[in-house]
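Novice: Sharing coords-v8.cif (mmCIF, C-alpha atoms) below.
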```cif
data_structure
loop_
_atom_site.label_atom_id
_atom_site.label_comp_id
_atom_site.auth_asym_id
_atom_site.auth_seq_id
_atom_site.Cartn_x
_atom_site.Cartn_y
_atom_site.Cartn_z
CA MET A 246 112.02 129.08 68.58
CA ASN A 247 113.70 132.39 68.01
CA ILE A 248 111.82 135.29 66.54
CA ASN A 249 114.00 136.68 63.79
CA LEU A 250 114.02 138.23 60.33
CA THR A 251 112.16 135.20 59.00
CA ILE A 252 108.96 136.75 60.27
CA ILE A 253 109.42 139.68 57.89
CA GLY A 254 110.60 137.43 55.08
CA GLN A 255 107.46 135.37 55.47
CA ALA A 256 105.28 138.46 55.48
CA ILE A 257 106.92 139.68 52.26
CA ALA A 258 106.60 136.28 50.58
CA PHE A 259 102.98 136.09 51.71
CA PHE A 260 102.27 139.54 50.32
CA ILE A 261 103.84 138.71 46.96
CA PHE A 262 101.93 135.43 46.72
CA VAL A 263 98.63 137.13 47.52
CA VAL A 264 99.21 139.85 44.93
CA PHE A 265 100.18 137.28 42.31
CA CYS A 266 97.15 135.17 43.16
CA MET A 267 94.92 138.22 42.98
CA LYS A 268 96.25 139.27 39.57
CA TYR A 269 96.88 136.03 37.69
CA VAL A 270 95.06 133.18 39.40
CA TRP A 271 91.73 134.20 40.85
CA PRO A 272 90.16 136.36 38.11
CA PRO A 273 90.68 134.05 35.09
CA ILE A 274 89.45 130.96 36.90
CA THR A 275 86.39 132.59 38.44
CA ALA A 276 85.64 134.19 35.07
CA ALA A 277 85.77 130.77 33.45
CA LEU A 278 83.52 129.40 36.19
CA ALA A 279 81.02 132.22 35.77
CA GLU A 280 81.01 131.76 32.02
CA ARG A 281 80.43 128.04 32.35
CA LYS A 282 77.59 128.72 34.76
CA LYS A 283 76.06 131.04 32.17
CA LYS A 284 76.56 128.47 29.41
CA ILE A 285 74.89 125.78 31.47
CA ALA A 286 72.00 128.07 32.28
CA GLU A 287 71.61 128.89 28.59
CA GLY A 288 71.82 125.21 27.71
CA LEU A 289 69.12 124.31 30.19
CA ASP A 290 67.01 127.16 28.87
CA ALA A 291 67.46 125.96 25.32
CA ALA A 292 66.56 122.43 26.39
CA ASP A 293 63.40 123.73 28.02
CA ARG A 294 62.51 125.70 24.95
CA ALA A 295 63.22 122.71 22.72
CA GLU A 296 60.99 120.55 24.87
CA ARG A 297 58.21 123.09 24.60
CA ASP A 298 58.74 123.32 20.86
CA LEU A 299 58.67 119.57 20.60
CA GLN A 300 55.40 119.42 22.47
CA LEU A 301 53.93 122.09 20.23
CA ALA A 302 55.16 120.26 17.15
CA GLN A 303 53.68 117.04 18.41
CA GLU A 304 50.36 118.69 19.05
CA LYS A 305 50.49 120.21 15.59
CA ALA A 306 51.39 116.89 14.03
CA THR A 307 48.51 115.16 15.81
CA GLU A 308 46.15 117.90 14.69
CA ASN A 309 47.40 117.62 11.12
CA MET A 310 47.01 113.88 11.16
CA ARG A 311 43.48 114.18 12.48
CA LYS A 312 42.65 116.72 9.77
CA GLY A 313 44.26 114.53 7.14
CA LYS A 314 42.23 111.55 8.25
CA GLU A 315 39.05 113.58 8.16
CA GLU A 316 39.86 114.85 4.71
CA ALA A 317 40.69 111.41 3.50
CA ALA A 318 37.43 110.11 4.90
CA ALA A 319 35.56 112.93 3.18
CA ILE A 320 37.32 112.23 -0.11
CA ILE A 321 36.57 108.53 0.11
CA GLU A 322 32.93 109.25 0.87
CA GLN A 323 32.73 111.64 -2.02
CA ALA A 324 34.43 109.16 -4.28
CA ASN A 325 31.96 106.44 -3.23
CA LYS A 326 29.09 108.75 -3.89
CA ARG A 327 30.51 109.70 -7.24
CA ALA A 328 31.07 106.06 -8.12
CA ASN A 329 27.48 105.21 -7.23
CA GLN A 330 26.36 108.13 -9.25
CA ILE A 331 28.42 107.02 -12.23
CA VAL A 332 27.06 103.49 -11.94
CA GLU A 333 23.51 104.89 -11.72
CA GLU A 334 24.11 107.11 -14.69
CA ALA A 335 25.61 104.27 -16.66
CA LYS A 336 22.62 102.12 -15.79
CA GLU A 337 20.21 104.83 -16.87
CA LYS A 338 22.12 105.36 -20.05
CA ALA A 339 22.16 101.66 -20.73
CA VAL A 340 18.43 101.41 -20.14
CA GLU A 341 17.86 104.42 -22.37
CA GLU A 342 20.14 102.97 -25.03
CA ALA A 343 18.36 99.69 -24.80
CA GLY A 344 15.02 101.48 -25.19
CA ARG A 345 16.29 103.37 -28.13
CA VAL A 346 17.70 100.26 -29.78
CA LYS A 347 14.44 98.47 -29.11
CA ALA A 348 12.40 101.36 -30.52
CA ALA A 349 14.57 101.46 -33.63
CA ALA A 350 14.28 97.73 -34.04
CA THR A 351 10.49 97.91 -33.59
CA ALA A 352 10.23 100.72 -36.09
CA GLU A 353 12.30 98.83 -38.63
CA LEU A 354 10.26 95.73 -38.03
CA GLU A 355 7.01 97.62 -38.53
CA GLN A 356 8.39 99.20 -41.63
CA GLU A 357 9.38 95.85 -42.99
CA VAL A 358 6.00 94.42 -42.08
CA ASN A 359 4.30 97.30 -43.83
CA GLN A 360 6.55 96.86 -46.82
CA ALA A 361 5.81 93.20 -46.87
CA ARG A 362 2.09 93.94 -46.53
CA GLU A 363 2.30 96.46 -49.33
CA ALA A 364 4.10 93.99 -51.50
CA LEU A 365 1.69 91.28 -50.54
CA ARG A 366 -1.23 93.55 -51.20
CA GLY A 367 0.13 94.35 -54.65
CA GLN A 368 0.73 90.70 -55.34
CA VAL A 369 -2.76 89.81 -54.00
CA ALA A 370 -4.28 92.36 -56.32
CA THR A 371 -2.41 90.97 -59.29
CA LEU A 372 -3.26 87.42 -58.15
CA ALA A 373 -6.95 88.26 -57.74
CA LEU A 374 -7.00 89.95 -60.99
CA SER A 375 -5.39 87.10 -62.82
CA GLY A 376 -7.71 84.75 -60.96
CA ALA A 377 -10.74 86.71 -61.87
CA GLU A 378 -9.41 86.87 -65.43
CA LYS A 379 -9.14 83.15 -65.50
CA ILE A 380 -12.53 82.78 -63.85
CA LEU A 381 -14.22 85.08 -66.18
CA GLU A 382 -12.25 83.76 -69.06
CA ALA A 383 -13.09 86.85 -70.58
CA SER A 384 -10.97 89.74 -71.30
CA ILE A 385 -11.77 92.30 -68.86
CA ASP A 386 -10.94 95.80 -69.34
CA GLU A 387 -8.02 96.18 -67.10
CA LYS A 388 -8.47 99.82 -66.86
CA ALA A 389 -12.15 99.56 -65.85
CA HIS A 390 -11.49 97.06 -63.05
CA ALA A 391 -8.17 98.26 -61.81
CA GLN A 392 -9.96 100.67 -59.58
CA LEU A 393 -12.02 97.94 -58.10
CA VAL A 394 -9.09 95.67 -57.52
CA GLU A 395 -7.08 98.38 -55.86
CA LYS A 396 -9.96 98.96 -53.54
CA LEU A 397 -10.00 95.32 -52.73
CA ALA A 398 -6.31 95.27 -52.15
CA ALA A 399 -6.53 98.26 -49.79
CA GLU A 400 -9.09 96.41 -47.81
CA LEU A 401 -6.71 93.50 -47.30
CA MET B 203 117.40 108.27 63.21
CA ALA B 204 121.14 108.26 63.17
CA SER B 205 121.73 111.15 60.86
CA GLU B 206 124.99 112.17 62.49
CA GLY B 207 126.99 109.02 62.89
CA GLY B 208 124.62 107.17 65.22
CA THR B 209 126.01 108.71 68.37
CA LEU B 210 123.06 111.00 69.12
CA THR B 211 121.08 110.60 72.26
CA SER B 212 117.31 110.81 72.08
CA SER B 213 117.15 114.38 73.33
CA GLU B 214 119.91 115.46 70.96
CA TYR B 215 118.05 113.80 68.12
CA ILE B 216 114.83 115.59 69.01
CA SER B 217 116.40 119.00 69.46
CA HIS B 218 118.37 118.53 66.25
CA HIS B 219 115.13 117.90 64.36
CA LEU B 220 113.52 120.95 65.90
CA THR B 221 116.36 123.32 65.08
CA ASN B 222 116.09 125.56 62.05
CA LEU B 223 118.88 126.18 59.60
CA THR B 224 119.58 129.74 60.66
CA PHE B 225 121.84 132.18 58.89
CA GLY B 226 122.73 135.31 60.82
CA LYS B 227 125.31 137.48 62.44
CA LEU B 228 127.22 136.39 65.53
CA SER B 229 128.49 139.40 67.37
CA GLU B 230 132.04 139.98 68.43
CA GLY B 231 133.31 137.92 71.33
CA THR B 232 130.69 135.15 71.09
CA THR B 233 132.04 131.70 71.86
CA ARG B 234 131.17 129.34 69.06
CA TYR B 235 130.10 125.70 69.33
CA ASP B 236 133.65 124.49 68.73
CA GLY B 237 135.17 126.73 71.39
CA SER B 238 136.53 129.42 69.03
CA VAL B 239 135.69 133.06 69.70
CA VAL B 240 134.21 135.31 67.04
CA GLY B 241 136.69 137.97 66.01
CA GLU B 242 136.33 141.69 65.54
CA GLY B 243 133.21 142.99 63.78
CA GLY B 244 131.31 139.74 64.25
CA THR B 245 130.66 137.20 61.52
CA TRP B 246 127.82 136.11 59.25
CA THR B 247 127.42 132.37 59.39
CA PHE B 248 125.05 129.44 59.76
CA ALA B 249 124.17 128.85 63.38
CA HIS B 250 125.23 125.65 65.04
CA GLY B 251 123.50 124.26 68.10
CA THR B 252 122.16 127.08 70.25
CA GLU B 253 123.93 129.84 68.38
CA ALA B 254 120.68 130.87 66.68
CA ALA B 255 119.53 132.34 70.00
CA ASP B 256 122.72 134.42 70.17
CA MET B 257 122.06 135.85 66.75
CA GLY B 258 118.96 137.62 67.97
CA PHE B 259 116.62 139.21 65.45
CA TRP B 260 119.11 139.66 62.62
CA ALA B 261 119.06 136.11 61.43
CA ILE B 262 116.98 134.25 58.96
CA ASN B 263 115.73 130.69 59.01
CA VAL B 264 116.85 129.59 55.58
CA ASP B 265 114.97 126.30 55.64
CA THR B 266 111.66 127.91 56.63
CA MET B 267 111.98 130.60 53.97
CA GLY B 268 113.21 128.17 51.35
CA TRP B 269 110.54 125.55 51.80
CA SER B 270 107.72 128.05 52.18
CA ILE B 271 108.75 129.89 49.03
CA VAL B 272 109.17 126.63 47.10
CA LEU B 273 105.70 125.54 48.19
CA GLY B 274 104.17 128.95 47.50
CA VAL B 275 105.69 128.95 44.03
CA LEU B 276 104.45 125.40 43.48
CA PHE B 277 100.93 126.52 44.41
CA LEU B 278 101.02 129.59 42.17
CA TRP B 279 102.65 127.68 39.32
CA LEU B 280 99.92 125.03 39.33
CA PHE B 281 97.06 127.47 39.74
CA SER B 282 98.30 130.05 37.25
CA LYS B 283 98.94 127.28 34.71
CA VAL B 284 95.30 126.31 35.06
CA ALA B 285 94.22 129.96 35.04
CA LYS B 286 96.04 130.57 31.76
CA THR B 287 94.26 127.76 29.97
CA ALA B 288 91.02 127.95 31.94
CA THR B 289 88.13 127.07 29.70
CA SER B 290 84.45 127.52 30.29
CA GLY B 291 83.92 124.31 28.34
CA VAL B 292 84.60 120.83 29.65
CA PRO B 293 87.43 121.15 32.20
CA GLY B 294 90.39 118.80 32.31
CA SER B 295 91.22 116.91 35.48
CA THR B 296 93.73 119.49 36.75
CA GLN B 297 91.35 122.34 36.07
CA ASN B 298 88.60 120.39 37.78
CA PHE B 299 90.75 119.92 40.85
CA VAL B 300 91.73 123.60 40.96
CA GLU B 301 88.15 124.70 40.39
CA THR B 302 86.96 122.53 43.25
CA ILE B 303 89.36 124.28 45.62
CA ILE B 304 88.49 127.71 44.28
CA GLU B 305 84.76 127.13 44.58
CA PHE B 306 85.24 125.81 48.11
CA VAL B 307 87.14 128.95 49.09
CA ASP B 308 84.71 131.20 47.22
CA GLU B 309 81.75 129.65 49.01
CA ASN B 310 83.37 130.27 52.39
CA VAL B 311 84.21 133.85 51.52
CA LYS B 312 80.72 134.56 50.22
CA GLY B 313 79.20 133.01 53.32
CA ILE B 314 81.16 135.13 55.75
CA PHE B 315 82.30 138.29 54.01
CA HIS B 316 79.39 140.29 52.58
CA HIS B 317 81.24 143.35 51.32
CA LYS B 318 82.97 144.08 48.08
CA ASN B 319 86.68 143.54 48.12
CA PRO B 320 88.49 141.80 45.25
CA MET B 321 91.39 140.91 47.54
CA ILE B 322 89.66 138.79 50.18
CA ALA B 323 89.01 135.72 48.02
CA PRO B 324 92.54 135.48 46.53
CA LEU B 325 93.92 136.14 50.01
CA SER B 326 91.88 133.29 51.44
CA LEU B 327 92.86 130.98 48.60
CA THR B 328 96.55 131.75 49.10
CA ILE B 329 96.28 131.20 52.85
CA PHE B 330 94.40 127.94 52.50
CA VAL B 331 96.53 126.30 49.83
CA TRP B 332 99.85 127.64 50.99
CA ILE B 333 99.34 126.63 54.61
CA PHE B 334 97.97 123.29 53.49
CA LEU B 335 101.09 122.63 51.40
CA MET B 336 103.40 123.75 54.21
CA ASN B 337 101.56 121.53 56.67
CA THR B 338 101.68 118.62 54.25
CA MET B 339 105.47 118.59 54.54
CA ASP B 340 104.72 117.07 57.94
CA LEU B 341 103.65 113.84 56.24
CA ILE B 342 107.05 113.27 54.68
CA PRO B 343 108.89 110.86 56.99
CA VAL B 344 110.82 113.03 59.44
CA ASP B 345 114.28 111.73 58.58
CA TRP B 346 114.22 111.74 54.81
CA ILE B 347 114.93 115.34 53.93
CA PRO B 348 117.25 116.03 56.94
CA PHE B 349 119.21 112.93 55.93
CA ILE B 350 119.58 114.07 52.33
CA ALA B 351 120.54 117.53 53.59
CA SER B 352 123.17 116.19 55.96
CA GLU B 353 124.61 114.09 53.14
CA MET B 354 124.92 117.39 51.26
CA GLY B 355 126.68 118.96 54.22
CA ILE B 356 123.75 120.93 55.62
CA SER B 357 123.58 120.14 59.30
CA TYR B 358 120.06 121.38 60.09
CA MET B 359 116.89 121.10 58.07
CA LYS B 360 113.40 121.63 59.46
CA VAL B 361 111.13 120.92 56.52
CA VAL B 362 107.75 122.01 57.87
CA PRO B 363 107.67 125.82 57.71
CA THR B 364 104.54 126.02 59.87
CA THR B 365 106.43 124.43 62.79
CA ASP B 366 108.49 127.61 62.83
CA VAL B 367 106.68 130.32 64.77
CA ASN B 368 108.27 132.93 62.49
CA ALA B 369 106.36 131.61 59.50
CA THR B 370 102.98 131.54 61.20
CA ALA B 371 103.57 134.87 62.93
CA GLY B 372 104.66 136.43 59.65
CA MET B 373 101.35 135.48 58.06
CA ALA B 374 99.32 136.38 61.14
CA LEU B 375 100.96 139.81 61.31
CA SER B 376 100.23 140.38 57.63
CA VAL B 377 96.61 139.56 58.30
CA PHE B 378 96.73 141.87 61.32
CA ALA B 379 98.08 144.66 59.14
CA LEU B 380 95.21 144.12 56.73
CA ILE B 381 92.72 144.22 59.62
CA ILE B 382 94.08 147.58 60.75
CA TYR B 383 94.28 148.91 57.19
CA TYR B 384 90.71 148.01 56.26
CA SER B 385 89.32 149.07 59.64
CA ILE B 386 90.74 152.54 59.14
CA LYS B 387 89.81 152.61 55.46
CA GLN B 388 86.21 151.64 56.16
CA LYS B 389 85.54 153.56 59.34
CA GLY B 390 88.13 156.30 59.22
CA LEU B 391 90.80 156.66 61.85
CA GLY B 392 88.32 158.38 64.18
CA GLY B 393 85.70 155.70 63.69
CA PHE B 394 88.19 152.94 64.33
CA LEU B 395 89.47 154.59 67.51
CA ALA B 396 85.93 155.29 68.65
CA GLU B 397 85.10 151.64 68.18
CA LEU B 398 88.06 150.77 70.37
CA SER B 399 87.25 153.36 73.03
CA PHE B 400 83.48 153.57 73.43
CA GLN B 401 82.60 149.92 73.48
CA PRO B 402 81.31 147.91 75.18
CA LEU B 403 80.59 150.10 78.21
CA GLY B 404 80.06 153.63 76.97
CA LYS B 405 82.36 156.61 77.00
CA TRP B 406 82.63 156.90 80.80
CA MET B 407 84.55 153.64 80.92
CA LEU B 408 86.97 154.63 78.16
CA PRO B 409 90.24 153.26 79.63
CA PHE B 410 88.60 149.98 80.47
CA ASN B 411 87.03 149.77 77.03
CA LEU B 412 90.31 150.58 75.34
CA PHE B 413 92.12 147.93 77.33
CA LEU B 414 89.49 145.31 76.57
CA GLU B 415 89.30 146.10 72.86
CA LEU B 416 93.05 146.29 72.42
CA VAL B 417 93.47 142.91 74.05
CA GLY B 418 90.78 141.55 71.76
CA LEU B 419 92.45 143.11 68.74
CA LEU B 420 95.93 141.83 69.59
CA ALA B 421 94.59 138.40 70.42
CA LYS B 422 93.59 137.97 66.79
CA PRO B 423 97.07 137.71 65.20
CA ILE B 424 98.56 136.01 68.25
CA SER B 425 95.91 133.30 68.30
CA LEU B 426 96.20 132.87 64.53
CA ALA B 427 99.96 132.44 64.73
CA LEU B 428 100.11 130.29 67.83
CA ARG B 429 97.21 127.98 66.97
CA LEU B 430 98.77 126.95 63.69
CA PHE B 431 102.28 126.83 65.11
CA GLY B 432 101.22 124.88 68.20
CA ASN B 433 99.27 122.29 66.29
CA MET B 434 101.95 121.68 63.72
CA TYR B 435 104.79 121.76 66.24
CA ALA B 436 103.03 119.23 68.42
CA GLY B 437 102.29 117.03 65.44
CA GLU B 438 105.87 117.16 64.26
CA MET B 439 107.04 116.39 67.79
CA ILE B 440 104.92 113.24 67.88
CA PHE B 441 106.36 112.13 64.54
CA ILE B 442 109.88 112.67 65.88
CA LEU B 443 109.08 110.72 69.05
CA ILE B 444 107.64 107.89 66.99
CA ALA B 445 110.82 107.93 64.92
CA LEU B 446 112.76 107.09 68.08
CA LEU B 447 111.15 103.65 68.19
CA PRO B 448 112.86 100.69 66.54
CA PHE B 449 112.26 100.92 62.79
CA TRP B 450 110.09 97.77 62.64
CA ALA B 451 107.67 99.13 65.25
CA GLN B 452 107.30 102.67 63.98
CA TRP B 453 104.49 102.01 61.54
CA VAL B 454 102.18 100.87 64.34
CA LEU B 455 102.03 104.46 65.59
CA SER B 456 103.19 106.55 62.66
CA VAL B 457 100.59 105.28 60.19
CA PRO B 458 97.55 106.07 62.39
CA TRP B 459 99.09 109.39 63.41
CA ALA B 460 99.81 110.31 59.80
CA ILE B 461 96.26 109.44 58.78
CA PHE B 462 94.92 111.52 61.64
CA HIS B 463 97.32 114.28 60.66
CA ILE B 464 95.80 114.51 57.20
CA LEU B 465 92.74 115.83 58.99
CA VAL B 466 94.79 118.16 61.20
CA ILE B 467 96.73 119.79 58.38
CA THR B 468 93.59 120.42 56.35
CA LEU B 469 91.68 121.64 59.37
CA GLN B 470 94.41 124.03 60.46
CA ALA B 471 94.70 125.52 56.97
CA PHE B 472 90.92 125.85 56.87
CA ILE B 473 90.73 127.47 60.33
CA PHE B 474 93.43 129.99 59.46
CA MET B 475 91.55 130.88 56.29
CA VAL B 476 88.12 131.14 57.89
CA LEU B 477 89.39 133.22 60.81
CA THR B 478 91.12 135.57 58.38
CA ILE B 479 87.85 136.04 56.49
CA VAL B 480 85.97 136.56 59.76
CA TYR B 481 88.48 139.15 60.94
CA MET B 482 88.30 140.97 57.63
CA ALA B 483 84.51 140.95 57.80
CA MET B 484 84.75 142.38 61.32
CA ALA B 485 87.07 145.10 60.04
CA TYR B 486 84.37 146.05 57.54
CA ASP B 487 81.36 145.79 59.83
CA HIS B 488 80.34 148.72 61.96
CA HIS B 489 79.67 147.77 65.52
#
```
Please lay out the structure from this file as C-alpha cells.
Specialist:
Amino acid sequence: MNINLTIIGQAIAFFIFVVFCMKYVWPPITAALAERKKKIAEGLDAADRAERDLQLAQEKATENMRKGKEEAAAIIEQANKRANQIVEEAKEKAVEEAGRVKAAATAELEQEVNQAREALRGQVATLALSGAEKILEASIDEKAHAQLVEKLAAEL
Amino acid sequence: MASEGGTLTSSEYISHHLTNLTFGKLSEGTTRYDGSVVGEGGTWTFAHGTEAADMGFWAINVDTMGWSIVLGVLFLWLFSKVAKTATSGVPGSTQNFVETIIEFVDENVKGIFHHKNPMIAPLSLTIFVWIFLMNTMDLIPVDWIPFIASEMGISYMKVVPTTDVNATAGMALSVFALIIYYSIKQKGLGGFLAELSFQPLGKWMLPFNLFLELVGLLAKPISLALRLFGNMYAGEMIFILIALLPFWAQWVLSVPWAIFHILVITLQAFIFMVLTIVYMAMAYDHH
C-alpha cells in the first residue's frame, strides 16, 4: 500500500476518460433518448387525435345513416302515395272510359233503333198503302194519298 | 493457491496476492531481494517483495494502471459504439442496456445537481461504470489471472485496481480538484474563502471556522478514496482467505461471498458516483 506515481496516472486516465465520455458518449445517446421521447409524445398525440377523429367520424356516420333512413322512409311514403294516386287515376280513367264506351254504344244502338224504325215506318207505309190498295181494289191516286200515308207512318 | 511451486506459506500467499506489480527506481546502495546491491545511479526495475516501499513515490503500479485503463477503454469502446449508432427508433439490445445505465445516472444527477453543467453527467457515468468494472474484477477467481501471469513470467499481478489505494485516491483527488475548481468558479476566490472562514460561527471565530471547514473539505476526497479502497480491499482479502481452504470446500464460502459481493461492487460504484454529484452540487450552492 504505497502511494506512488500511480495516483497521478489514475488521475490522468480518469480525466481522459471523462473528457472522452463527455464528447463522444453522453451527448449522442441523450440526444437519441430525447428524440425518442419526443417521437413517443408525438405518437401518443397523434393517437389521441386519431381517436377523436374516429369518434367524430362515427358520430357523422350515425347522423348520415339516420338522415338516410329518414330520406328513404320519406321516399317510400311518397312512392306509396304516388302509387295510390296512379291507381286512383287509372280507376277514374277506366270508369270514364267505360262510361264513354257505354255512351257510344248507347248512341249507336239508338241510332240503329231509329234507323230500323225509319225503315220500318217506310215499309209500314208501303205495306199499308198496298193493303189499302188491295182493300179498295181501286186505283188510288198515289199522289193524293201519299200525304195521308206519310202522316200515318209518322204517327207510328 | 500454489502459484510459485507450492512452497508458499499462508501469509506469503496472502501478501503475494496483495502486492502490486510495481515498476520504479531503486536508489543506489539498496539491497535487493536476492542479496545483490544496486550499483551507482540506481536502477529502474520491477519491485520484488518489499522493494516497492523502497522505491518511494517514483514508481508506478503497472497492474493497477494496466487493468484500469483496459477496463476504462472497454467501457468507452462499448458506450461510444452505441453512441455512434444510437437511434431514436427501436433500440437494439446493446443500446437498450446502455440507455438503461445512462438514464439511471441521468436521473441521479438531475435529482441531486440542479445547476447547468454539461460535465457532471458524463463524469458521473464514467465514475459509475468504470468503478463498477474495476470492482467486478474482484469476482474473477483470485488465482486465475495471477497464475496466467506467473506462467508468463510476471511475478505479481493484483487484478482489482480499486484494491490499490492509488487508484481510488487518484479518482478522489480528481474529484477534489473539480470541487475546488467549481467552488472558485461559482463563488469567486473571495466567496470560496469567505465560505471557509465565516461559517458556521461568524467572523469572530474565524480560525475555528477555518479549521472546521478545512477538515470538512479534506474529508471529502479522503473518505471517497478510503471507503472504496477499504471495501474492495476487505472483499478481496476475504476471497484470498477463502482460497486458502481445500479446493473442494471453497465453494461453500466463496459462492455466497461472491453473490453478496455483486451487491457490494455495485453499491460502492453507486456511492462514489452519488457522493461526487453531491460534492459538486455543494460546490455550486451558496451557503
Novice: If the PyMOL selection byres ((chain B and resi 439) around 10) is run on the structure shown, which residues does it catch, given as a ChimeraX atom specification?
Specialist: /B:216-217,219-220,344,365,433-438,440-445
Novice: Set out as JSON lines a contact list for chain A and chain B with a cut-off of 12 Å, giving each residue of chain A that qualifies its closest atom pair and distance in Å to one decimal, counting all atoms listed in the file, ordered by chain and rising residue number.
Specialist:
```
{"residue": "A:Met246", "atom": "CA", "partner": "B:Val367", "partner_atom": "CA", "distance": 6.7}
{"residue": "A:Asn247", "atom": "CA", "partner": "B:Ala255", "partner_atom": "CA", "distance": 6.2}
{"residue": "A:Ile248", "atom": "CA", "partner": "B:Asn368", "partner_atom": "CA", "distance": 5.9}
{"residue": "A:Asn249", "atom": "CA", "partner": "B:Phe259", "partner_atom": "CA", "distance": 4.0}
{"residue": "A:Leu250", "atom": "CA", "partner": "B:Ile262", "partner_atom": "CA", "distance": 5.1}
{"residue": "A:Thr251", "atom": "CA", "partner": "B:Ile262", "partner_atom": "CA", "distance": 4.9}
{"residue": "A:Ile252", "atom": "CA", "partner": "B:Gly372", "partner_atom": "CA", "distance": 4.4}
{"residue": "A:Ile253", "atom": "CA", "partner": "B:Gly372", "partner_atom": "CA", "distance": 6.0}
{"residue": "A:Gly254", "atom": "CA", "partner": "B:Met267", "partner_atom": "CA", "distance": 7.1}
{"residue": "A:Gln255", "atom": "CA", "partner": "B:Gly372", "partner_atom": "CA", "distance": 5.1}
{"residue": "A:Ala256", "atom": "CA", "partner": "B:Gly372", "partner_atom": "CA", "distance": 4.7}
{"residue": "A:Ile257", "atom": "CA", "partner": "B:Gly372", "partner_atom": "CA", "distance": 8.4}
{"residue": "A:Ala258", "atom": "CA", "partner": "B:Ile271", "partner_atom": "CA", "distance": 6.9}
{"residue": "A:Phe259", "atom": "CA", "partner": "B:Met373", "partner_atom": "CA", "distance": 6.6}
{"residue": "A:Phe260", "atom": "CA", "partner": "B:Ser376", "partner_atom": "CA", "distance": 7.6}
{"residue": "A:Ile261", "atom": "CA", "partner": "B:Gly274", "partner_atom": "CA", "distance": 9.8}
{"residue": "A:Phe262", "atom": "CA", "partner": "B:Gly274", "partner_atom": "CA", "distance": 6.9}
{"residue": "A:Val263", "atom": "CA", "partner": "B:Leu325", "partner_atom": "CA", "distance": 5.4}
{"residue": "A:Val264", "atom": "CA", "partner": "B:Pro324", "partner_atom": "CA", "distance": 8.1}
{"residue": "A:Phe265", "atom": "CA", "partner": "B:Leu278", "partner_atom": "CA", "distance": 7.7}
{"residue": "A:Cys266", "atom": "CA", "partner": "B:Pro324", "partner_atom": "CA", "distance": 5.7}
{"residue": "A:Met267", "atom": "CA", "partner": "B:Pro324", "partner_atom": "CA", "distance": 5.1}
{"residue": "A:Lys268", "atom": "CA", "partner": "B:Pro324", "partner_atom": "CA", "distance": 8.8}
{"residue": "A:Tyr269", "atom": "CA", "partner": "B:Ser282", "partner_atom": "CA", "distance": 6.2}
{"residue": "A:Val270", "atom": "CA", "partner": "B:Ser282", "partner_atom": "CA", "distance": 5.0}
{"residue": "A:Trp271", "atom": "CA", "partner": "B:Pro324", "partner_atom": "CA", "distance": 5.9}
{"residue": "A:Pro272", "atom": "CA", "partner": "B:Ala285", "partner_atom": "CA", "distance": 8.2}
{"residue": "A:Pro273", "atom": "CA", "partner": "B:Ala285", "partner_atom": "CA", "distance": 5.4}
{"residue": "A:Ile274", "atom": "CA", "partner": "B:Ala285", "partner_atom": "CA", "distance": 5.2}
{"residue": "A:Thr275", "atom": "CA", "partner": "B:Ile304", "partner_atom": "CA", "distance": 7.9}
{"residue": "A:Ala276", "atom": "CA", "partner": "B:Ser290", "partner_atom": "CA", "distance": 8.3}
{"residue": "A:Ala277", "atom": "CA", "partner": "B:Ser290", "partner_atom": "CA", "distance": 4.7}
{"residue": "A:Leu278", "atom": "CA", "partner": "B:Ser290", "partner_atom": "CA", "distance": 6.3}
{"residue": "A:Ala279", "atom": "CA", "partner": "B:Ser290", "partner_atom": "CA", "distance": 8.0}
{"residue": "A:Glu280", "atom": "CA", "partner": "B:Ser290", "partner_atom": "CA", "distance": 5.7}
{"residue": "A:Arg281", "atom": "CA", "partner": "B:Ser290", "partner_atom": "CA", "distance": 4.5}
{"residue": "A:Lys282", "atom": "CA", "partner": "B:Ser290", "partner_atom": "CA", "distance": 8.3}
{"residue": "A:Lys283", "atom": "CA", "partner": "B:Ser290", "partner_atom": "CA", "distance": 9.3}
{"residue": "A:Lys284", "atom": "CA", "partner": "B:Ser290", "partner_atom": "CA", "distance": 8.0}
{"residue": "A:Ile285", "atom": "CA", "partner": "B:Gly291", "partner_atom": "CA", "distance": 9.7}
```
Novice: Between CA of Asn337 (chain B) and CA of Val307 (chain B), what is the distance in Å, rounded to a tenth?
Specialist: 17.9 Å
Novice: Decode the PyMOL selection byres ((chain B and resi 361) around 8) for the given file into explicit residues and return them as a VMD selection string.
Specialist: chain B and resid 265 to 266 269 339 to 340 347 to 348 359 to 360 362 to 363
Novice: Those same residues, written as a CSV table (one decimal), in the frame of the given file with C-alpha atoms?
Specialist:
```csv
chain,number,residue,atom,x,y,z
B,265,ASP,CA,115.0,126.3,55.6
B,266,THR,CA,111.7,127.9,56.6
B,269,TRP,CA,110.5,125.6,51.8
B,339,MET,CA,105.5,118.6,54.5
B,340,ASP,CA,104.7,117.1,57.9
B,347,ILE,CA,114.9,115.3,53.9
B,348,PRO,CA,117.2,116.0,56.9
B,359,MET,CA,116.9,121.1,58.1
B,360,LYS,CA,113.4,121.6,59.5
B,362,VAL,CA,107.8,122.0,57.9
B,363,PRO,CA,107.7,125.8,57.7
```
Novice: As an exercise, work out the distance from CA of Phe394 (chain B) to CA of Ala485 (chain B) in Å and give it to one decimal place.
Specialist: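 Calculated distance between CA of Phe394 (chain B) and CA of Ala485 (chain B) is 9.0 Å.
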Novice: Translate the PyMOL selection byres ((chain A and resi 392-397) around 10), as applied to the file shown, into an explicit residue set as a short mmCIF file (atom, residue, chain, number, x, y, z; two decimals) with C-alpha atoms, keeping the file's coordinate frame.
Specialist:
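See selection.cif below for the written result:
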```cif
data_model
loop_
_atom_site.label_atom_id
_atom_site.label_comp_id
_atom_site.auth_asym_id
_atom_site.auth_seq_id
_atom_site.Cartn_x
_atom_site.Cartn_y
_atom_site.Cartn_z
CA ARG A 366 -1.23 93.55 -51.20
CA GLY A 367 0.13 94.35 -54.65
CA VAL A 369 -2.76 89.81 -54.00
CA ALA A 370 -4.28 92.36 -56.32
CA THR A 371 -2.41 90.97 -59.29
CA ALA A 373 -6.95 88.26 -57.74
CA LEU A 374 -7.00 89.95 -60.99
CA GLU A 387 -8.02 96.18 -67.10
CA LYS A 388 -8.47 99.82 -66.86
CA ALA A 389 -12.15 99.56 -65.85
CA HIS A 390 -11.49 97.06 -63.05
CA ALA A 391 -8.17 98.26 -61.81
CA ALA A 398 -6.31 95.27 -52.15
CA ALA A 399 -6.53 98.26 -49.79
CA GLU A 400 -9.09 96.41 -47.81
CA LEU A 401 -6.71 93.50 -47.30
#
```
